[in-house]
Amino acid sequence: MFIVANWKAYVESLAEAKKLAELAKRLAAKTRVSLVIAPPAPLLAFLAARNRSSIGFAAQDVSAETGGAETGEVLAQISASAGATYAIIGHSERRARGESDEVVARKLAHALAQGLIPILCVGEHERDAEGGYLTFVREQVSSALEPLEPKERSRVILAYEPVWAIGKTSADAIVPADLGEMVLYLRKLLAELLPGKSSARSQVLYGGSVEPSDIRALAGGTQVDGFLVGHASVEPSTFAALVKAVA
Ligand code: PEP
């Protein structure tokens, strides 16, 4: 199992970040769950230099630009050289600020060109009885993957993050049966878009109000490979409980 801790902007100081990274390191050693931390960009290099041998690091986003006179942009190559192995791309909180599918596709290409493994976030805003949400998710996935070379597509990790379930409580998270169905749908989609049988190795994660009380049910029988965890990843005892539950 694979857990990506998306710290978002919840972690506000290096002191707090150091404590959480220490905890993650201890949990990874004890449980053998693969842990990846996505800290705020300015903290990445410091944390990765000290902890990279036991936990992975992800950028929370990458710039759609290629560099030069771009004040404030964090390029994929900067995150890669700071110690990131992964990059979260197309998170709904970025899309909510106007990031289009076309921008997501550009970011994906930049991340891959710099050797980062993209974690591509997709997910509908709401579910409708007619299944329109399936078409919505299909379009998000295909608009991001189709511009890539077939071999590059195989490097992308998909994170299914329904917007209606993000930032709430486990009571609002998806139910396991619906998650299992969506994972199957995404795997079918990947099989259509990826070359040969390479989609069999693709990873599909789930994110959206994953907490200690629902993680086991969501992990069991849904064929999901891991979780992208937001608010529950920055509260030490909750994060420890989450990791132990999937271990
Ligand atoms: C997220 O935004 O990636 C996420 C999973 O958030 P939360 O766990 O807080 O719902």
# chains A, B, ... in the order shown; residues from 1 in each chain; ligands from 1

$ residues_near_ligand --ligand "ligand 1" --cutoff "7 Å" --atoms "only C-alpha atoms and all ligand atoms" --output "list of chain:residue names"
A:Asn6, A:His91, A:Glu161, A:Ala165, A:Ile166, A:Gly167, A:Lys168, A:Gly207, A:Gly208, A:Ser209, A:Val210, A:Leu228, A:Val229, A:Gly230, A:His231, A:Ala232

$ write_last_selection --atoms "all heavy atoms" --output "mmCIF file, in the first residue's frame"
data_model
loop_
_atom_site.group_PDB
_atom_site.id
_atom_site.type_symbol
_atom_site.label_atom_id
_atom_site.label_comp_id
_atom_site.auth_asym_id
_atom_site.auth_seq_id
_atom_site.Cartn_x
_atom_site.Cartn_y
_atom_site.Cartn_z
ATOM 1 N N ASN A 6 -0.712 14.673 1.602
ATOM 2 C CA ASN A 6 -0.748 16.009 0.994
ATOM 3 C C ASN A 6 -0.938 17.031 2.111
ATOM 4 O O ASN A 6 -2.046 17.232 2.598
ATOM 5 C CB ASN A 6 -1.900 16.070 -0.025
ATOM 6 C CG ASN A 6 -2.010 17.431 -0.684
ATOM 7 O OD1 ASN A 6 -1.123 18.280 -0.526
ATOM 8 N ND2 ASN A 6 -3.076 17.652 -1.426
ATOM 9 N N HIS A 91 -4.691 18.854 -8.997
ATOM 10 C CA HIS A 91 -5.498 18.756 -7.781
ATOM 11 C C HIS A 91 -6.723 19.665 -7.913
ATOM 12 O O HIS A 91 -6.635 20.751 -8.491
ATOM 13 C CB HIS A 91 -4.654 19.158 -6.557
ATOM 14 C CG HIS A 91 -5.338 18.806 -5.276
ATOM 15 N ND1 HIS A 91 -6.324 19.589 -4.735
ATOM 16 C CD2 HIS A 91 -5.203 17.737 -4.452
ATOM 17 C CE1 HIS A 91 -6.763 19.023 -3.616
ATOM 18 N NE2 HIS A 91 -6.094 17.890 -3.421
ATOM 19 N N GLU A 161 -10.145 11.531 -6.919
ATOM 20 C CA GLU A 161 -10.499 12.395 -5.792
ATOM 21 C C GLU A 161 -11.803 13.126 -6.098
ATOM 22 O O GLU A 161 -11.773 14.246 -6.642
ATOM 23 C CB GLU A 161 -9.396 13.433 -5.566
ATOM 24 C CG GLU A 161 -8.059 12.840 -5.195
ATOM 25 C CD GLU A 161 -7.330 13.782 -4.246
ATOM 26 O OE1 GLU A 161 -7.115 14.946 -4.616
ATOM 27 O OE2 GLU A 161 -7.023 13.353 -3.145
ATOM 28 N N ALA A 165 -16.067 14.874 -1.905
ATOM 29 C CA ALA A 165 -15.622 14.147 -0.703
ATOM 30 C C ALA A 165 -14.376 14.763 -0.077
ATOM 31 O O ALA A 165 -13.912 14.292 0.952
ATOM 32 C CB ALA A 165 -15.337 12.690 -1.066
ATOM 33 N N ILE A 166 -13.834 15.818 -0.690
ATOM 34 C CA ILE A 166 -12.558 16.362 -0.198
ATOM 35 C C ILE A 166 -12.777 17.358 0.949
ATOM 36 O O ILE A 166 -13.680 18.196 0.899
ATOM 37 C CB ILE A 166 -11.774 17.010 -1.358
ATOM 38 C CG1 ILE A 166 -11.283 15.904 -2.294
ATOM 39 C CG2 ILE A 166 -10.603 17.839 -0.857
ATOM 40 C CD1 ILE A 166 -10.467 16.386 -3.455
ATOM 41 N N GLY A 167 -11.919 17.202 1.970
ATOM 42 C CA GLY A 167 -11.906 18.177 3.070
ATOM 43 C C GLY A 167 -13.082 18.039 4.018
ATOM 44 O O GLY A 167 -13.389 18.964 4.756
ATOM 45 N N LYS A 168 -13.737 16.871 4.003
ATOM 46 C CA LYS A 168 -14.886 16.698 4.902
ATOM 47 C C LYS A 168 -14.517 15.675 5.983
ATOM 48 O O LYS A 168 -13.379 15.653 6.430
ATOM 49 C CB LYS A 168 -16.090 16.263 4.069
ATOM 50 C CG LYS A 168 -16.395 17.275 2.958
ATOM 51 C CD LYS A 168 -17.863 17.345 2.673
ATOM 52 C CE LYS A 168 -18.154 18.430 1.649
ATOM 53 N NZ LYS A 168 -18.805 17.899 0.473
ATOM 54 N N GLY A 207 -8.522 9.570 -2.922
ATOM 55 C CA GLY A 207 -8.404 10.656 -1.946
ATOM 56 C C GLY A 207 -9.753 11.321 -1.723
ATOM 57 O O GLY A 207 -10.531 11.483 -2.667
ATOM 58 N N GLY A 208 -10.011 11.673 -0.486
ATOM 59 C CA GLY A 208 -11.261 12.358 -0.153
ATOM 60 C C GLY A 208 -11.753 11.894 1.199
ATOM 61 O O GLY A 208 -12.380 10.841 1.308
ATOM 62 N N SER A 209 -11.364 12.657 2.248
ATOM 63 C CA SER A 209 -11.808 12.357 3.609
ATOM 64 C C SER A 209 -11.481 10.937 4.072
ATOM 65 O O SER A 209 -12.322 10.262 4.665
ATOM 66 C CB SER A 209 -13.301 12.650 3.743
ATOM 67 O OG SER A 209 -13.517 14.024 3.537
ATOM 68 N N VAL A 210 -10.264 10.518 3.761
ATOM 69 C CA VAL A 210 -9.802 9.233 4.277
ATOM 70 C C VAL A 210 -9.349 9.464 5.714
ATOM 71 O O VAL A 210 -8.553 10.357 5.991
ATOM 72 C CB VAL A 210 -8.628 8.694 3.430
ATOM 73 C CG1 VAL A 210 -8.066 7.421 4.044
ATOM 74 C CG2 VAL A 210 -9.084 8.448 2.002
ATOM 75 N N LEU A 228 -4.441 9.106 -1.189
ATOM 76 C CA LEU A 228 -3.927 10.473 -1.093
ATOM 77 C C LEU A 228 -4.698 11.075 0.072
ATOM 78 O O LEU A 228 -5.932 11.141 0.043
ATOM 79 C CB LEU A 228 -4.209 11.200 -2.421
ATOM 80 C CG LEU A 228 -3.694 12.604 -2.653
ATOM 81 C CD1 LEU A 228 -2.229 12.736 -2.295
ATOM 82 C CD2 LEU A 228 -3.874 12.985 -4.114
ATOM 83 N N VAL A 229 -3.978 11.466 1.112
ATOM 84 C CA VAL A 229 -4.645 11.902 2.346
ATOM 85 C C VAL A 229 -4.311 13.364 2.599
ATOM 86 O O VAL A 229 -3.137 13.749 2.575
ATOM 87 C CB VAL A 229 -4.165 11.044 3.542
ATOM 88 C CG1 VAL A 229 -4.915 11.443 4.810
ATOM 89 C CG2 VAL A 229 -4.353 9.563 3.259
ATOM 90 N N GLY A 230 -5.323 14.155 2.858
ATOM 91 C CA GLY A 230 -5.115 15.576 3.137
ATOM 92 C C GLY A 230 -5.104 15.861 4.620
ATOM 93 O O GLY A 230 -4.121 15.584 5.319
ATOM 94 N N HIS A 231 -6.218 16.376 5.149
ATOM 95 C CA HIS A 231 -6.229 16.884 6.539
ATOM 96 C C HIS A 231 -5.804 15.837 7.573
ATOM 97 O O HIS A 231 -5.159 16.178 8.556
ATOM 98 C CB HIS A 231 -7.601 17.481 6.888
ATOM 99 C CG HIS A 231 -8.732 16.494 6.892
ATOM 100 N ND1 HIS A 231 -9.429 16.160 5.758
ATOM 101 C CD2 HIS A 231 -9.267 15.749 7.891
ATOM 102 C CE1 HIS A 231 -10.372 15.282 6.072
ATOM 103 N NE2 HIS A 231 -10.276 15.003 7.359
ATOM 104 N N ALA A 232 -6.131 14.567 7.312
ATOM 105 C CA ALA A 232 -5.792 13.544 8.318
ATOM 106 C C ALA A 232 -4.289 13.245 8.352
ATOM 107 O O ALA A 232 -3.826 12.560 9.257
ATOM 108 C CB ALA A 232 -6.585 12.269 8.042
#

$ closest_atom_pairs --of "region 52-72 of chain A" --to "region 116-137 of chain A" --cutoff "10 Å" --atoms "only C-alpha atoms" --output "tab-separated table"
residue	atom	partner	partner_atom	distance
A:Ala58	CA	A:Leu116	CA	8.6
A:Ala59	CA	A:Leu116	CA	9.2
A:Gln60	CA	A:Ile119	CA	9.6
A:Asp61	CA	A:Pro118	CA	9.5
A:Val62	CA	A:Pro118	CA	9.8

$ write_last_selection --atoms "N, CA and C atoms" --output "mmCIF file, in the first residue's frame"
data_model
loop_
_atom_site.group_PDB
_atom_site.id
_atom_site.type_symbol
_atom_site.label_atom_id
_atom_site.label_comp_id
_atom_site.auth_asym_id
_atom_site.auth_seq_id
_atom_site.Cartn_x
_atom_site.Cartn_y
_atom_site.Cartn_z
ATOM 1 N N ALA A 58 6.927 14.440 -2.695
ATOM 2 C CA ALA A 58 6.179 14.891 -3.873
ATOM 3 C C ALA A 58 6.049 16.404 -3.845
ATOM 4 N N ALA A 59 6.069 16.995 -5.026
ATOM 5 C CA ALA A 59 5.693 18.414 -5.141
ATOM 6 C C ALA A 59 4.164 18.458 -5.114
ATOM 7 N N GLN A 60 3.608 19.509 -4.518
ATOM 8 C CA GLN A 60 2.139 19.622 -4.475
ATOM 9 C C GLN A 60 1.567 20.074 -5.819
ATOM 10 N N ASP A 61 2.457 20.576 -6.673
ATOM 11 C CA ASP A 61 2.032 21.119 -7.966
ATOM 12 C C ASP A 61 3.320 21.380 -8.743
ATOM 13 N N VAL A 62 3.237 21.579 -10.046
ATOM 14 C CA VAL A 62 4.396 22.097 -10.786
ATOM 15 C C VAL A 62 3.896 23.222 -11.685
#

$ residues_around --residues "Ala247 (chain A)" --least-positions-apart "5" --cutoff "8 Å" --atoms "only C-alpha atoms" --output "PyMOL selection string"
chain A and resi 1+31-33

$ residues_around --residues "Leu108 (chain A)" --least-positions-apart "6" --cutoff "12 Å" --atoms "only C-alpha atoms" --output "JSON, numbers by chain"
{"A": [61, 62, 63, 64, 65, 75, 76, 86, 87, 88, 89, 90, 91, 101, 102, 114, 115, 116, 117, 118, 119, 120, 121, 141, 143, 144, 145, 146, 147, 148, 149, 152, 153, 155, 156, 157, 158]}

$ atom_distance --atom1 "CA of Gly56 (chain A)" --atom2 "CA of Ala82 (chain A)"
12.0 Å

$ select_by_dssp --residues "region 1-101 of chain A" --states "alpha helix (DSSP H)" --output "PyMOL selection string"
chain A and resi 14-31+44-51+76-82+92-95+101

$ closest_residue --among "A:Arg201, A:Lys18, A:Arg95, A:Lys107" --to "Val234 (chain A)" --atoms "only C-alpha atoms"
A:Lys18

$ atom_distance --atom1 "CA of Val224 (chain A)" --atom2 "CA of Val204 (chain A)"
5.7 Å

$ closest_residue --among "A:Pro39, A:Thr85, A:Lys30, A:Ala159" --to "Leu14 (chain A)" --atoms "only C-alpha atoms"
A:Pro39

$ closest_residue --among "A:Leu242, A:Ala49, A:Ala173, A:Val104" --to "Ala84 (chain A)" --atoms "only C-alpha atoms"
A:Ala49

$ select_by_dssp --residues "region 48-206 of chain A" --states "strand (DSSP E)" --output "PyMOL selection string"
chain A and resi 56-59+86-89+117-122+157-160+204-206

$ closest_residue --among "A:Gly72, A:Arg216, A:Tyr185, A:Glu211" --to "Ser237 (chain A)" --atoms "only C-alpha atoms"
A:Glu211

$ residues_around --residues "Pro42 (chain A)" --least-positions-apart "4" --cutoff "12 Å" --atoms "only C-alpha atoms" --output "VMD selection string"
chain A and resid 9 11 to 14 17 38 46 to 48 59 to 60 72 to 74 78 to 79 82 to 83

$ atom_distance --atom1 "CA of Gly226 (chain A)" --atom2 "CA of Tyr206 (chain A)"
6.5 Å

$ residues_around --residues "Val175 (chain A)" --least-positions-apart "6" --cutoff "10 Å" --atoms "only C-alpha atoms" --output "compact mmCIF listing (two decimals) with C-alpha atoms, in the first residue's frame"
# COMPACT_ATOMS: atom_id res chain seq x y z
CA ASP A 214 -12.82 4.34 6.95
CA ALA A 217 -13.03 -0.54 4.46
CA LEU A 218 -11.85 1.56 1.51
